[in-house]
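**Q** One structure, pasted below without further comment.
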Amino acid sequence: MSAHLRALSRRVSALAPATIQPLASAVEAAWRADRMVFIAGNGGSAATASHFATDLSKTAIPRAPGARGIRAVALTDNVGLVTAWANDHSYEHVFAEQLRNLARHDDLFVAISTSGESANLRKAAVTASDCGVQTVALAPQRSSLAIDADVLIPVEAESVQIAEDLHHIVCHAVTVHMAAVLAAA
């Protein structure tokens with residue numbers, strides 16, 4: 001446990017705001033243009049995607065009556081649709097087909113992956129590009145997803161657990177940023 005906490009502390013200390021800013025800017029741009037933010041991941045990253053969508057939609061709320069909030073959804077949360085695509089086609093298509101149906105030009109897709117090698121996230125990034133949707137990936141620098149994404153928030157870690165902790169920290173930092181933006185609007 002001590003080794004985990006020391007490693008996490010080192011990684012958090014090395015996390016610079018400038019590294020996270022491209023994601024914050026992308027979310028802010030989507031909000032300003034009244035665009036959707038789609039988020040996806042697998043396993044623990046699916047839970048992070050759901051958490052991030054909830055934080056953006058609920059925690060970063062506008063203060064002024066009638067002001068517009070952030071429209072964010074986790075593609076992981078519709079279990080019926082995810083399992084239908086997985087069963088009838090393949091698990092590789094579970095996020096891509098949702099984007100193909102729901103996303104519009106200039107929307108935002110956030111892919112969260114500890115390995116950066118998930119075929120379904122890579123397929124979703126390619127589909128997003130085909131739809132004119134920007135993809136921001138939270139993934140390792142030298143991963144396949146890093147190549148497929150338009151913007152990379154590099155998350156390097158010595159374990160899945162540390163990567164997942166860092167993903168939460170990044171998502172919470174963006175949520176805090178957006179809460180400030182909406183409070184000032």
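Ordering of the structure tokens sets the chain letters (A, B, ...); residue numbers start at 1 within each chain; ligands are numbered from 1 in the order shown.
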Just list the residues in stretch 5-106 of chain A DSSP gives strand (DSSP E) on the backbone, as JSON, numbers by chain.
**A** {"A": [36, 37, 38, 39, 40, 41, 71, 72, 73, 74]}
**Q** List the neighbours of A:Ala137 out to 8 Å using only C-alpha atoms; skip same-chain residues closer than 6 positions along the sequence, and give me the result as a VMD selection string.
**A** chain A and resid 110 to 113 145 to 146 149 to 154
**Q** Hey, can you spit out that residue selection with all heavy atoms as an mmCIF file, in the first residue's frame?
**A**
data_model
loop_
_atom_site.group_PDB
_atom_site.id
_atom_site.type_symbol
_atom_site.label_atom_id
_atom_site.label_comp_id
_atom_site.auth_asym_id
_atom_site.auth_seq_id
_atom_site.Cartn_x
_atom_site.Cartn_y
_atom_site.Cartn_z
ATOM 1 N N VAL A 110 -14.644 11.971 -25.561
ATOM 2 C CA VAL A 110 -13.542 11.768 -24.634
ATOM 3 C C VAL A 110 -13.395 10.269 -24.401
ATOM 4 O O VAL A 110 -14.328 9.618 -23.920
ATOM 5 C CB VAL A 110 -13.783 12.492 -23.291
ATOM 6 C CG1 VAL A 110 -12.614 12.251 -22.342
ATOM 7 C CG2 VAL A 110 -14.015 13.988 -23.517
ATOM 8 N N ALA A 111 -12.247 9.725 -24.785
ATOM 9 C CA ALA A 111 -11.952 8.301 -24.617
ATOM 10 C C ALA A 111 -10.990 8.136 -23.454
ATOM 11 O O ALA A 111 -9.928 8.761 -23.429
ATOM 12 C CB ALA A 111 -11.338 7.736 -25.900
ATOM 13 N N ILE A 112 -11.355 7.279 -22.503
ATOM 14 C CA ILE A 112 -10.536 7.067 -21.307
ATOM 15 C C ILE A 112 -10.043 5.627 -21.308
ATOM 16 O O ILE A 112 -10.852 4.698 -21.351
ATOM 17 C CB ILE A 112 -11.350 7.355 -20.029
ATOM 18 C CG1 ILE A 112 -11.916 8.780 -20.068
ATOM 19 C CG2 ILE A 112 -10.489 7.136 -18.791
ATOM 20 C CD1 ILE A 112 -12.897 9.085 -18.951
ATOM 21 N N SER A 113 -8.721 5.446 -21.260
ATOM 22 C CA SER A 113 -8.164 4.096 -21.324
ATOM 23 C C SER A 113 -6.840 4.016 -20.569
ATOM 24 O O SER A 113 -5.965 4.856 -20.763
ATOM 25 C CB SER A 113 -7.944 3.690 -22.785
ATOM 26 O OG SER A 113 -7.359 2.421 -22.871
ATOM 27 N N LEU A 145 -4.402 4.368 -29.195
ATOM 28 C CA LEU A 145 -5.428 5.390 -29.046
ATOM 29 C C LEU A 145 -4.823 6.789 -29.139
ATOM 30 O O LEU A 145 -5.458 7.702 -29.674
ATOM 31 C CB LEU A 145 -6.176 5.203 -27.720
ATOM 32 C CG LEU A 145 -7.371 6.109 -27.465
ATOM 33 C CD1 LEU A 145 -8.407 5.998 -28.583
ATOM 34 C CD2 LEU A 145 -8.001 5.778 -26.111
ATOM 35 N N ALA A 146 -3.609 6.957 -28.664
ATOM 36 C CA ALA A 146 -2.929 8.249 -28.763
ATOM 37 C C ALA A 146 -2.789 8.672 -30.223
ATOM 38 O O ALA A 146 -2.895 9.854 -30.547
ATOM 39 C CB ALA A 146 -1.558 8.184 -28.091
ATOM 40 N N ALA A 149 -6.469 9.632 -31.654
ATOM 41 C CA ALA A 149 -7.121 10.818 -31.084
ATOM 42 C C ALA A 149 -6.597 12.096 -31.716
ATOM 43 O O ALA A 149 -5.478 12.148 -32.218
ATOM 44 C CB ALA A 149 -6.886 10.848 -29.576
ATOM 45 N N ASP A 150 -7.415 13.125 -31.669
ATOM 46 C CA ASP A 150 -6.994 14.451 -32.124
ATOM 47 C C ASP A 150 -6.116 15.117 -31.069
ATOM 48 O O ASP A 150 -5.184 15.840 -31.402
ATOM 49 C CB ASP A 150 -8.223 15.336 -32.378
ATOM 50 C CG ASP A 150 -9.123 14.764 -33.448
ATOM 51 O OD1 ASP A 150 -8.636 14.490 -34.558
ATOM 52 O OD2 ASP A 150 -10.319 14.559 -33.158
ATOM 53 N N VAL A 151 -6.454 14.878 -29.804
ATOM 54 C CA VAL A 151 -5.736 15.485 -28.681
ATOM 55 C C VAL A 151 -5.474 14.386 -27.658
ATOM 56 O O VAL A 151 -6.360 13.583 -27.361
ATOM 57 C CB VAL A 151 -6.566 16.610 -28.024
ATOM 58 C CG1 VAL A 151 -5.871 17.155 -26.792
ATOM 59 C CG2 VAL A 151 -6.860 17.716 -29.023
ATOM 60 N N LEU A 152 -4.269 14.368 -27.132
ATOM 61 C CA LEU A 152 -3.909 13.382 -26.115
ATOM 62 C C LEU A 152 -3.627 14.075 -24.794
ATOM 63 O O LEU A 152 -2.866 15.044 -24.737
ATOM 64 C CB LEU A 152 -2.667 12.590 -26.545
ATOM 65 C CG LEU A 152 -2.117 11.608 -25.504
ATOM 66 C CD1 LEU A 152 -3.093 10.459 -25.266
ATOM 67 C CD2 LEU A 152 -0.758 11.095 -25.930
ATOM 68 N N ILE A 153 -4.242 13.568 -23.739
ATOM 69 C CA ILE A 153 -3.868 13.927 -22.382
ATOM 70 C C ILE A 153 -3.068 12.723 -21.902
ATOM 71 O O ILE A 153 -3.642 11.684 -21.565
ATOM 72 C CB ILE A 153 -5.106 14.165 -21.476
ATOM 73 C CG1 ILE A 153 -6.081 15.160 -22.111
ATOM 74 C CG2 ILE A 153 -4.656 14.587 -20.077
ATOM 75 C CD1 ILE A 153 -5.505 16.515 -22.442
ATOM 76 N N PRO A 154 -1.742 12.806 -21.945
ATOM 77 C CA PRO A 154 -0.924 11.619 -21.652
ATOM 78 C C PRO A 154 -0.986 11.242 -20.174
ATOM 79 O O PRO A 154 -0.758 12.083 -19.306
ATOM 80 C CB PRO A 154 0.484 12.051 -22.060
ATOM 81 C CG PRO A 154 0.481 13.539 -21.968
ATOM 82 C CD PRO A 154 -0.924 13.983 -22.244
#
**Q** Can you tell me which residues surround A:Ser118 at a distance of at most 9 Å, considering only C-alpha atoms, apart from same-chain residues fewer than 2 positions away, and format the answer as a list of chain:residue names?
**A**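 Listed by chain and then number, they are A:Gly41, A:Asn42, A:Glu92, A:Ser113, A:Ser115, A:Gly116, A:Asn120, A:Leu121, A:Arg122, A:Lys123, A:Ser144, A:Leu145.
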**Q** For those residues, write C-alpha atoms to a file as a short mmCIF file (atom, residue, chain, number, x, y, z; two decimals), in the first residue's frame.
**A**
data_model
loop_
_atom_site.label_atom_id
_atom_site.label_comp_id
_atom_site.auth_asym_id
_atom_site.auth_seq_id
_atom_site.Cartn_x
_atom_site.Cartn_y
_atom_site.Cartn_z
CA GLY A 41 -14.11 3.71 -21.40
CA ASN A 42 -14.00 0.04 -20.43
CA GLU A 92 -15.68 -3.40 -31.03
CA SER A 113 -8.16 4.10 -21.32
CA SER A 115 -3.79 0.88 -21.88
CA GLY A 116 -4.79 2.91 -24.93
CA ASN A 120 -13.78 -0.30 -29.27
CA LEU A 121 -12.32 3.06 -28.23
CA ARG A 122 -10.06 3.14 -31.27
CA LYS A 123 -13.03 2.34 -33.52
CA SER A 144 -2.65 3.16 -30.39
CA LEU A 145 -5.43 5.39 -29.05
#
**Q** Need the shell around A:Leu108: protein/DNA/RNA residues with any atom at most 6 Å away, counting only C-alpha atoms. Skip same-chain ones fewer than 6 positions apart. Format as a ChimeraX atom specification?
**A** /A:37,133-134
**Q** Quick one: of A:Ile147, A:Ala96, A:Arg35, A:Glu156, who's nearest to A:Cys131, counting only C-alpha atoms?
**A**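 Smallest separation from A:Cys131 among the options: A:Ala96.
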**Q** Which residues are near A:Ala47? Cut-off 12 Å, only C-alpha atoms, ignore same chain within fewer than 2 positions. Put them as a list in words.
**A**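 That gives Ile39, Ala40, Gly41, Asn42, Gly43, Gly44, Ser45, Ala49, Ser50, His51, Phe52, Ala53, Thr54, Ala74, Leu75, Thr76, Asp77, Ile112, Ser113, Glu164, Asp165, His167 and His168 of chain A.
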**Q** Would you please work out which residue, of A:Ala180, A:Met36, A:Ala173, A:Val94, is nearest to A:Val79 when using only C-alpha atoms?
**A**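 Closest to A:Val79, using only C-alpha atoms: A:Val94.
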**Q** If I take atom CA of A:Gln161 and atom CA of A:Asp107, how far is one from the other in Å, to one decimal?
**A**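 The value is 29.7 Å.
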**Q** Just list as a ChimeraX atom specification whatever in stretch 56-157 of chain A DSSP marks as alpha helix (DSSP H).
**A** /A:79-88,96-102,119-130,144-148
**Q** When you look at A:Asp34 with a cut-off of 8 Å (counting only C-alpha atoms), what residues show up, excluding the ones that are within fewer than 4 positions of it in the same chain? I need them as a list of chain:residue names.
**A** A:Ala30, A:Ile70, A:Arg71
**Q** Could you turn the residues from that selection into a file that holds all heavy atoms, as a PDB file, in the first residue's frame?
**A**
ATOM      1  N   ALA A  30     -17.001  23.000 -26.365  1.00  0.00           N
ATOM      2  CA  ALA A  30     -18.239  22.254 -26.648  1.00  0.00           C
ATOM      3  C   ALA A  30     -19.418  22.920 -25.937  1.00  0.00           C
ATOM      4  O   ALA A  30     -20.488  23.104 -26.528  1.00  0.00           O
ATOM      5  CB  ALA A  30     -18.089  20.797 -26.212  1.00  0.00           C
ATOM      6  N   ILE A  70     -23.855  21.947 -19.108  1.00  0.00           N
ATOM      7  CA  ILE A  70     -23.044  21.130 -20.023  1.00  0.00           C
ATOM      8  C   ILE A  70     -23.831  19.880 -20.375  1.00  0.00           C
ATOM      9  O   ILE A  70     -24.359  19.187 -19.506  1.00  0.00           O
ATOM     10  CB  ILE A  70     -21.708  20.742 -19.361  1.00  0.00           C
ATOM     11  CG1 ILE A  70     -20.935  21.995 -18.977  1.00  0.00           C
ATOM     12  CG2 ILE A  70     -20.892  19.845 -20.292  1.00  0.00           C
ATOM     13  CD1 ILE A  70     -19.746  21.725 -18.077  1.00  0.00           C
ATOM     14  N   ARG A  71     -23.919  19.593 -21.660  1.00  0.00           N
ATOM     15  CA  ARG A  71     -24.618  18.391 -22.126  1.00  0.00           C
ATOM     16  C   ARG A  71     -23.576  17.288 -22.301  1.00  0.00           C
ATOM     17  O   ARG A  71     -22.824  17.289 -23.265  1.00  0.00           O
ATOM     18  CB  ARG A  71     -25.359  18.674 -23.428  1.00  0.00           C
ATOM     19  CG  ARG A  71     -26.427  19.748 -23.219  1.00  0.00           C
ATOM     20  CD  ARG A  71     -27.313  20.018 -24.417  1.00  0.00           C
ATOM     21  NE  ARG A  71     -26.591  20.195 -25.638  1.00  0.00           N
ATOM     22  CZ  ARG A  71     -26.859  19.512 -26.778  1.00  0.00           C
ATOM     23  NH1 ARG A  71     -27.797  18.622 -26.822  1.00  0.00           N
ATOM     24  NH2 ARG A  71     -26.152  19.757 -27.861  1.00  0.00           N
TER      25      ARG A  71
END
**Q** Quick one: everything within 6 Å of A:Phe38, counting only C-alpha atoms, minus sequence neighbours fewer than 2 positions away in the same chain. Send it as JSON, numbers by chain.
**A** {"A": [72, 73, 74, 109]}
**Q** Could you take the residues named above and write them with C-alpha atoms, as a PDB file, in the first residue's frame?
**A**
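The file below, part.pdb, is the result:
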ATOM      1  CA  ALA A  72     -22.546  15.303 -21.328  1.00  0.00           C
ATOM      2  CA  VAL A  73     -23.338  11.614 -21.584  1.00  0.00           C
ATOM      3  CA  ALA A  74     -21.362   8.451 -20.943  1.00  0.00           C
ATOM      4  CA  PHE A 109     -15.707  12.529 -27.684  1.00  0.00           C
TER       5      PHE A 109
END
